[in-house]
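Working notes, beginning with the structure itself.
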Amino acid sequence: MVNTHGIDYEAVFQALPSAVALFTTDLVYVDVNEAFLSGMGRSRDQVVGRYLSDAFPDDPRDPSVTGMRKLQASLRWVAATGQRDAMTLHRYDVEYPDRPGVWEERYWSPVNVPVFGPDGRVALLLHREEDITELVRGRGGKDRATVLEAELYSRARELQEVNERLREAHARERDVALSLQKAMLPAPVPVRHHRAAVRYRPGAGVLNVCGDWYELVERPDGRIAVAVGDVVGQGLAAAGVMGQLRSALAAASLVTDGPAQALDTLGLYARSVDGAESATAVLCVVDAANCTIAYSNAGHPPPALLYPDGTVDFLDQATDPPLGARPEHCPRPQAEAVFTEGATLVLYTDGLIERRHEDIDVGLTRLAASLARHQGTDPDTLADTLLTDLTPPAGGSDDTALVVLRL
């Protein structure tokens with residue numbers, strides 16, 4: 001490919017001195033440079049178009065060598081999270097192409113990087129590796145350099161083991177936090193004649209999970225309060241804060257006159273909760289008798305109102321900073337929208353619409369288009385369809401809470 005400056009990036013790619021490969025997010029080789037082919041002793045036809053595990057399997061005779069499986073895990077993590085991963089030094093033996101069953105002991109220092117497409121999603125995975133076999137083997141006798149090189153490799157292996165234990169610990173914490181999240185976000189009880197559907201989907205990686213929540217409350221006066229919120233943080237700490245804010249807003253929704261006062265109360269409460277700083281929430285109070293929705297928003301993405309004719313309005317006329325963001329308390333704004341029977345109210349957290357390197361308006365447009373396409377479907381079907389339409393193929397990096405209420 002040649003750009004307007006006359007740079008042939010294909011030639012640059014092939015001329016890179018380091019071994020470089022491009023993968024799809026399914027770990028299929030898209031392209032490799034000459035340094036990669038030379039280092040691996042392979043032809044282009046033996047690599048491009050093949051799955052990583054098919055092109056370069058681990059030595060079946062030596063189960064202690066797991067370099068390829070570790071590389072697969074790293075690439076999948078990069079695809080899921082959109083984060084760069086510099087792997088520690090590891091051993092991966094290479095089979096001689098002209099001598100089947102004969103493997104050469106090799107050592108590598110890889111780095112895996114996401115390549116984003118125009119839509120902000122991970123489109124490709126860039127893999128660069130340095131062959132450090134000679135460094136590890138330390139040819140030339142046990143001189144000082146050889147001893148230092150061996151020590152470097154030993155420390156790198158120790159670091160790799162620590163990193164693996166940390167990842168396992170994060171995975172265990174994530175499982176516990178998700179169980180707690182599930183227990184604190186039960187299916188809603190029936191709210192008069194309204195049909196509702198709720199969903200919670202954790203992020204694909206170990207980051208940014210368990211801070212999202214939803215709530216539906218039937219008020220004594222017959223109105224319905226529906227809310228979603230998002231806590232900054234992750235894991236058990238975020239789940240704990242989420243539970244406190246959710247319960248506090250449910251209580252405030254029952255005793256205050258409207259959503260602005262309820263969020264005022266929640267904001268004051270959030271100042272006394274460690275970890276609740278800059279949490280966001282939006283609260284809507286539905287009055288079915290008068291066909292109105294009163295709402296107030298504390299730094300959260302705007303609810304969407306889908307009308308029976310397929311048009312979509314975003315309730316964005318009462319937006320204020322997140323909870324506890326102001327140094328001094330100030331009453332929050334409140335606005336009102338009118339709906340017709342058969343309309344659908346959709347509240348969600350930012351994991352549904354936001355993408356890395358993409359303006360939020362693009363995500364809102366994508367949401368509105370999906371809602372318009374599926375107008376008339378029941379709340380459960382619509383909730384599942386929205387998650388299918390708007391979640392990236394590799395999974396979102398942030399968790400998502402979603403409420404769909406038929407009015």
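Residue numbering restarts at 1 for every chain of the structure tokens, chains are lettered A, B, ... in their displayed order, and ligands are numbered from 1 as they appear.
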- Task: Write out as a list of chain:residue names each polymer residue whose atoms come within 10 Å of Gln317 of chain A, counting only C-alpha atoms; drop sequence neighbours fewer than 5 positions from it.
- Result: A:Tyr295, A:Ser296, A:Asn297, A:Pro302, A:Pro333, A:Gln334, A:Ala335, A:Glu336, A:Ala337
- Fewer than 6 positions away in the same chain doesn't count, so skip those; otherwise give me all residues within 10 Å of Ala372 of chain A, counting only C-alpha atoms, as an MDAnalysis selection string. chainID A and resid 306:312
Please, could you write that set of residues out with all heavy atoms as a PDB file, in the first residue's frame?
```pdb
ATOM      1  N   LEU A 306     -37.896   5.057  22.465  1.00  0.00           N
ATOM      2  CA  LEU A 306     -38.264   4.545  21.144  1.00  0.00           C
ATOM      3  C   LEU A 306     -39.779   4.638  20.981  1.00  0.00           C
ATOM      4  O   LEU A 306     -40.533   4.015  21.736  1.00  0.00           O
ATOM      5  CB  LEU A 306     -37.795   3.092  21.003  1.00  0.00           C
ATOM      6  CG  LEU A 306     -38.257   2.327  19.770  1.00  0.00           C
ATOM      7  CD1 LEU A 306     -37.702   2.956  18.492  1.00  0.00           C
ATOM      8  CD2 LEU A 306     -37.841   0.853  19.873  1.00  0.00           C
ATOM      9  N   TYR A 307     -40.230   5.418  20.005  1.00  0.00           N
ATOM     10  CA  TYR A 307     -41.661   5.608  19.762  1.00  0.00           C
ATOM     11  C   TYR A 307     -42.198   4.501  18.846  1.00  0.00           C
ATOM     12  O   TYR A 307     -41.423   3.856  18.107  1.00  0.00           O
ATOM     13  CB  TYR A 307     -41.919   6.974  19.136  1.00  0.00           C
ATOM     14  CG  TYR A 307     -41.577   8.129  20.052  1.00  0.00           C
ATOM     15  CD1 TYR A 307     -40.337   8.770  19.963  1.00  0.00           C
ATOM     16  CD2 TYR A 307     -42.483   8.566  21.009  1.00  0.00           C
ATOM     17  CE1 TYR A 307     -40.018   9.823  20.803  1.00  0.00           C
ATOM     18  CE2 TYR A 307     -42.173   9.626  21.860  1.00  0.00           C
ATOM     19  CZ  TYR A 307     -40.933  10.242  21.752  1.00  0.00           C
ATOM     20  OH  TYR A 307     -40.621  11.281  22.592  1.00  0.00           O
ATOM     21  N   PRO A 308     -43.513   4.266  18.854  1.00  0.00           N
ATOM     22  CA  PRO A 308     -44.086   3.210  18.012  1.00  0.00           C
ATOM     23  C   PRO A 308     -43.819   3.385  16.522  1.00  0.00           C
ATOM     24  O   PRO A 308     -43.831   2.404  15.771  1.00  0.00           O
ATOM     25  CB  PRO A 308     -45.593   3.308  18.319  1.00  0.00           C
ATOM     26  CG  PRO A 308     -45.669   3.866  19.700  1.00  0.00           C
ATOM     27  CD  PRO A 308     -44.520   4.837  19.783  1.00  0.00           C
ATOM     28  N   ASP A 309     -43.582   4.627  16.064  1.00  0.00           N
ATOM     29  CA  ASP A 309     -43.300   4.831  14.636  1.00  0.00           C
ATOM     30  C   ASP A 309     -41.827   4.616  14.286  1.00  0.00           C
ATOM     31  O   ASP A 309     -41.424   4.817  13.131  1.00  0.00           O
ATOM     32  CB  ASP A 309     -43.740   6.234  14.202  1.00  0.00           C
ATOM     33  CG  ASP A 309     -42.952   7.352  14.901  1.00  0.00           C
ATOM     34  OD1 ASP A 309     -42.080   7.039  15.740  1.00  0.00           O
ATOM     35  OD2 ASP A 309     -43.218   8.537  14.610  1.00  0.00           O
ATOM     36  N   GLY A 310     -40.991   4.213  15.268  1.00  0.00           N
ATOM     37  CA  GLY A 310     -39.590   3.912  15.004  1.00  0.00           C
ATOM     38  C   GLY A 310     -38.636   5.062  15.236  1.00  0.00           C
ATOM     39  O   GLY A 310     -37.420   4.870  15.136  1.00  0.00           O
ATOM     40  N   THR A 311     -39.128   6.251  15.533  1.00  0.00           N
ATOM     41  CA  THR A 311     -38.230   7.365  15.841  1.00  0.00           C
ATOM     42  C   THR A 311     -37.663   7.201  17.255  1.00  0.00           C
ATOM     43  O   THR A 311     -38.277   6.571  18.119  1.00  0.00           O
ATOM     44  CB  THR A 311     -38.948   8.718  15.715  1.00  0.00           C
ATOM     45  OG1 THR A 311     -40.058   8.731  16.620  1.00  0.00           O
ATOM     46  CG2 THR A 311     -39.444   8.932  14.294  1.00  0.00           C
ATOM     47  N   VAL A 312     -36.514   7.792  17.466  1.00  0.00           N
ATOM     48  CA  VAL A 312     -35.818   7.656  18.747  1.00  0.00           C
ATOM     49  C   VAL A 312     -35.423   9.040  19.245  1.00  0.00           C
ATOM     50  O   VAL A 312     -34.869   9.847  18.489  1.00  0.00           O
ATOM     51  CB  VAL A 312     -34.551   6.778  18.607  1.00  0.00           C
ATOM     52  CG1 VAL A 312     -33.789   6.704  19.934  1.00  0.00           C
ATOM     53  CG2 VAL A 312     -34.922   5.380  18.132  1.00  0.00           C
TER      54      VAL A 312
END
```
- Task: Please provide as a list in words all residues within 9 Å of Ala227 of chain A, with the sequence filter that same-chain residues fewer than 3 positions apart are discarded (counting only C-alpha atoms).
- Result: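 Non-adjacent residues within range: Trp213, Tyr214, Glu215, Leu216, Val217, Arg246, Leu249, Ala250, Ala281, Val282, Leu283, Cys284, Val285, Leu347, Tyr348 and Val403 of chain A.
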Same residues, N, CA, C and O atoms, saved as a PDB file, in the first residue's frame:
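Just written: result_28.pdb:
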```
ATOM      1  N   TRP A 213     -24.931  -1.193  37.338  1.00  0.00           N
ATOM      2  CA  TRP A 213     -26.102  -1.683  38.050  1.00  0.00           C
ATOM      3  C   TRP A 213     -27.376  -1.105  37.447  1.00  0.00           C
ATOM      4  O   TRP A 213     -27.347  -0.156  36.663  1.00  0.00           O
ATOM      5  N   TYR A 214     -28.511  -1.696  37.823  1.00  0.00           N
ATOM      6  CA  TYR A 214     -29.815  -1.206  37.405  1.00  0.00           C
ATOM      7  C   TYR A 214     -30.782  -1.363  38.576  1.00  0.00           C
ATOM      8  O   TYR A 214     -30.526  -2.101  39.535  1.00  0.00           O
ATOM      9  N   GLU A 215     -31.913  -0.662  38.481  1.00  0.00           N
ATOM     10  CA  GLU A 215     -32.931  -0.752  39.527  1.00  0.00           C
ATOM     11  C   GLU A 215     -34.293  -0.372  38.953  1.00  0.00           C
ATOM     12  O   GLU A 215     -34.395   0.539  38.117  1.00  0.00           O
ATOM     13  N   LEU A 216     -35.322  -1.084  39.353  1.00  0.00           N
ATOM     14  CA  LEU A 216     -36.707  -0.740  39.048  1.00  0.00           C
ATOM     15  C   LEU A 216     -37.491  -0.757  40.353  1.00  0.00           C
ATOM     16  O   LEU A 216     -37.423  -1.741  41.105  1.00  0.00           O
ATOM     17  N   VAL A 217     -38.219   0.330  40.621  1.00  0.00           N
ATOM     18  CA  VAL A 217     -38.948   0.468  41.878  1.00  0.00           C
ATOM     19  C   VAL A 217     -40.364   0.950  41.583  1.00  0.00           C
ATOM     20  O   VAL A 217     -40.554   1.904  40.811  1.00  0.00           O
ATOM     21  N   ARG A 246     -26.884   1.460  44.705  1.00  0.00           N
ATOM     22  CA  ARG A 246     -28.154   0.943  44.189  1.00  0.00           C
ATOM     23  C   ARG A 246     -29.216   0.940  45.283  1.00  0.00           C
ATOM     24  O   ARG A 246     -30.348   1.388  45.077  1.00  0.00           O
ATOM     25  N   LEU A 249     -30.283   4.578  46.215  1.00  0.00           N
ATOM     26  CA  LEU A 249     -31.149   5.233  45.242  1.00  0.00           C
ATOM     27  C   LEU A 249     -32.550   4.619  45.255  1.00  0.00           C
ATOM     28  O   LEU A 249     -33.549   5.331  45.083  1.00  0.00           O
ATOM     29  N   ALA A 250     -32.634   3.316  45.456  1.00  0.00           N
ATOM     30  CA  ALA A 250     -33.952   2.683  45.543  1.00  0.00           C
ATOM     31  C   ALA A 250     -34.749   3.284  46.693  1.00  0.00           C
ATOM     32  O   ALA A 250     -35.945   3.590  46.553  1.00  0.00           O
ATOM     33  N   ALA A 281     -25.096   8.054  37.285  1.00  0.00           N
ATOM     34  CA  ALA A 281     -26.420   7.432  37.403  1.00  0.00           C
ATOM     35  C   ALA A 281     -27.427   8.281  36.654  1.00  0.00           C
ATOM     36  O   ALA A 281     -27.264   9.497  36.510  1.00  0.00           O
ATOM     37  N   VAL A 282     -28.467   7.637  36.165  1.00  0.00           N
ATOM     38  CA  VAL A 282     -29.594   8.339  35.567  1.00  0.00           C
ATOM     39  C   VAL A 282     -30.863   7.699  36.109  1.00  0.00           C
ATOM     40  O   VAL A 282     -30.943   6.467  36.248  1.00  0.00           O
ATOM     41  N   LEU A 283     -31.836   8.538  36.447  1.00  0.00           N
ATOM     42  CA  LEU A 283     -33.078   8.063  37.051  1.00  0.00           C
ATOM     43  C   LEU A 283     -34.257   8.626  36.269  1.00  0.00           C
ATOM     44  O   LEU A 283     -34.337   9.834  36.022  1.00  0.00           O
ATOM     45  N   CYS A 284     -35.190   7.747  35.876  1.00  0.00           N
ATOM     46  CA  CYS A 284     -36.420   8.139  35.201  1.00  0.00           C
ATOM     47  C   CYS A 284     -37.604   7.706  36.066  1.00  0.00           C
ATOM     48  O   CYS A 284     -37.598   6.606  36.622  1.00  0.00           O
ATOM     49  N   VAL A 285     -38.597   8.567  36.174  1.00  0.00           N
ATOM     50  CA  VAL A 285     -39.836   8.241  36.882  1.00  0.00           C
ATOM     51  C   VAL A 285     -40.969   8.298  35.861  1.00  0.00           C
ATOM     52  O   VAL A 285     -41.253   9.365  35.284  1.00  0.00           O
ATOM     53  N   LEU A 347     -32.617   2.215  29.139  1.00  0.00           N
ATOM     54  CA  LEU A 347     -31.516   2.763  29.933  1.00  0.00           C
ATOM     55  C   LEU A 347     -30.357   1.780  29.863  1.00  0.00           C
ATOM     56  O   LEU A 347     -30.568   0.550  29.840  1.00  0.00           O
ATOM     57  N   TYR A 348     -29.127   2.295  29.878  1.00  0.00           N
ATOM     58  CA  TYR A 348     -27.962   1.454  29.625  1.00  0.00           C
ATOM     59  C   TYR A 348     -26.737   2.125  30.224  1.00  0.00           C
ATOM     60  O   TYR A 348     -26.745   3.319  30.548  1.00  0.00           O
ATOM     61  N   VAL A 403     -31.603  -1.883  30.734  1.00  0.00           N
ATOM     62  CA  VAL A 403     -32.999  -1.999  31.136  1.00  0.00           C
ATOM     63  C   VAL A 403     -33.870  -1.592  29.941  1.00  0.00           C
ATOM     64  O   VAL A 403     -33.666  -0.525  29.363  1.00  0.00           O
TER      65      VAL A 403
END
```
- Message: If DSSP is run on the backbone, what residues of segment 2-147 of chain A are strand (DSSP E)? A reply as a ChimeraX atom specification would be ideal.
- Response: /A:19-23,29-32,85-86,90-91,94-95,103-104,107-116,122-131
- Go through A:Val32, A:Leu405, A:Ala276, A:Ala325 and flag the residue nearest Arg44 of chain A, using only C-alpha atoms for the distances.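 Nearest to Arg44 of chain A: A:Val32.
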- Mind checking DSSP for segment 320-384 of chain A and telling me the helix (DSSP H, G or I) residues as a list in words? Asp350, Gly351, Leu352, Ile360, Asp361, Val362, Gly363, Leu364, Thr365, Arg366, Leu367, Ala368, Ala369, Ser370, Leu371, Ala372, Arg373, Pro379, Asp380, Thr381, Leu382, Ala383 and Asp384 of chain A
- Message: Please compute the atom CA of Val198 of chain A-atom CA of Ala225 of chain A distance, one decimal, in Å.
- Response: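 These two atoms are separated by 14.1 Å.
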- Query: Which polymer residues have any atom within 12 Å of an atom of segment 3-20 of chain A, counting only C-alpha atoms, with same-chain residues fewer than 6 positions away left out, as number ranges by chain?
  - Reply: A: 29-41, 108-113, 125-132
Write the residues you've just listed into a file as a short mmCIF file (atom, residue, chain, number, x, y, z; two decimals), in the first residue's frame, and include C-alpha atoms for each of them.
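selection.cif, freshly written:
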```cif
data_model
loop_
_atom_site.label_atom_id
_atom_site.label_comp_id
_atom_site.auth_asym_id
_atom_site.auth_seq_id
_atom_site.Cartn_x
_atom_site.Cartn_y
_atom_site.Cartn_z
CA TYR A 29 -1.99 -15.42 10.08
CA VAL A 30 -2.78 -12.54 7.69
CA ASP A 31 0.80 -11.62 6.80
CA VAL A 32 4.37 -12.14 7.97
CA ASN A 33 7.59 -10.39 7.01
CA GLU A 34 10.78 -11.88 5.63
CA ALA A 35 12.57 -11.78 8.99
CA PHE A 36 9.78 -13.92 10.47
CA LEU A 37 9.98 -16.51 7.70
CA SER A 38 13.76 -16.62 7.88
CA GLY A 39 13.81 -17.03 11.65
CA MET A 40 11.18 -19.75 11.62
CA GLY A 41 12.53 -21.55 8.55
CA TRP A 108 11.86 -15.64 22.37
CA SER A 109 10.90 -12.18 23.64
CA PRO A 110 7.48 -11.31 22.09
CA VAL A 111 5.26 -8.21 22.13
CA ASN A 112 1.61 -8.25 21.01
CA VAL A 113 -0.22 -5.05 20.03
CA LEU A 125 -3.18 -8.26 16.11
CA LEU A 126 0.45 -7.28 15.54
CA HIS A 127 3.01 -9.76 16.88
CA ARG A 128 6.70 -8.90 17.09
CA GLU A 129 9.27 -11.33 18.40
CA GLU A 130 12.99 -11.28 19.06
CA ASP A 131 14.96 -14.53 18.92
CA ILE A 132 17.17 -14.54 22.05
#
```
- Best match for closeness to Gln244 of chain A among A:Thr400, A:Thr24, A:Gly363, A:Gly211, counting only C-alpha atoms: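 Nearest candidate to Gln244 of chain A out of A:Thr400, A:Thr24, A:Gly363, A:Gly211: A:Gly211.
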- Query: Looking at only C-alpha atoms, which of A:Ile353, A:Ala262, A:Leu364, A:Leu323 is the one that sits closest to Asp399 of chain A?
  - Reply: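 Once distances to Asp399 of chain A are computed over only C-alpha atoms, the minimum belongs to A:Ile353.
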Write out, as a Markdown table, each residue of segment 306-347 of chain A that has an atom at most 12 Å from segment 378-382 of chain A, together with the closest pair of atoms and their distance in Å to one decimal, counting only C-alpha atoms, rows going by chain and rising number.
```
| residue | atom | partner | partner_atom | distance |
| --- | --- | --- | --- | --- |
| A:Leu306 | CA | A:Leu382 | CA | 11.3 |
| A:Gly342 | CA | A:Asp378 | CA | 10.4 |
| A:Ala343 | CA | A:Pro379 | CA | 10.9 |
| A:Thr344 | CA | A:Pro379 | CA | 8.1 |
| A:Leu345 | CA | A:Pro379 | CA | 9.6 |
| A:Val346 | CA | A:Pro379 | CA | 9.4 |
```
May I have the residues from that selection written out with N, CA, C and O atoms, as a PDB file, in the first residue's frame?
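Done, and the output landed in result07.pdb:
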```pdb
ATOM      1  N   LEU A 306     -37.896   5.057  22.465  1.00  0.00           N
ATOM      2  CA  LEU A 306     -38.264   4.545  21.144  1.00  0.00           C
ATOM      3  C   LEU A 306     -39.779   4.638  20.981  1.00  0.00           C
ATOM      4  O   LEU A 306     -40.533   4.015  21.736  1.00  0.00           O
ATOM      5  N   GLY A 342     -47.186   2.179  23.982  1.00  0.00           N
ATOM      6  CA  GLY A 342     -46.429   1.304  23.083  1.00  0.00           C
ATOM      7  C   GLY A 342     -45.006   1.742  22.870  1.00  0.00           C
ATOM      8  O   GLY A 342     -44.233   1.046  22.193  1.00  0.00           O
ATOM      9  N   ALA A 343     -44.628   2.898  23.426  1.00  0.00           N
ATOM     10  CA  ALA A 343     -43.233   3.341  23.345  1.00  0.00           C
ATOM     11  C   ALA A 343     -42.362   2.465  24.251  1.00  0.00           C
ATOM     12  O   ALA A 343     -42.858   1.722  25.115  1.00  0.00           O
ATOM     13  N   THR A 344     -41.054   2.552  24.064  1.00  0.00           N
ATOM     14  CA  THR A 344     -40.109   1.744  24.840  1.00  0.00           C
ATOM     15  C   THR A 344     -39.012   2.641  25.386  1.00  0.00           C
ATOM     16  O   THR A 344     -38.406   3.413  24.637  1.00  0.00           O
ATOM     17  N   LEU A 345     -38.764   2.526  26.689  1.00  0.00           N
ATOM     18  CA  LEU A 345     -37.705   3.291  27.352  1.00  0.00           C
ATOM     19  C   LEU A 345     -36.504   2.366  27.560  1.00  0.00           C
ATOM     20  O   LEU A 345     -36.653   1.261  28.086  1.00  0.00           O
ATOM     21  N   VAL A 346     -35.329   2.839  27.152  1.00  0.00           N
ATOM     22  CA  VAL A 346     -34.111   2.032  27.250  1.00  0.00           C
ATOM     23  C   VAL A 346     -33.059   2.795  28.037  1.00  0.00           C
ATOM     24  O   VAL A 346     -32.668   3.905  27.657  1.00  0.00           O
TER      25      VAL A 346
END
```
- Could you tell me how far atom CA of Gln46 of chain A lies from atom CA of Leu71 of chain A, in Å and to one decimal? 18.8 Å
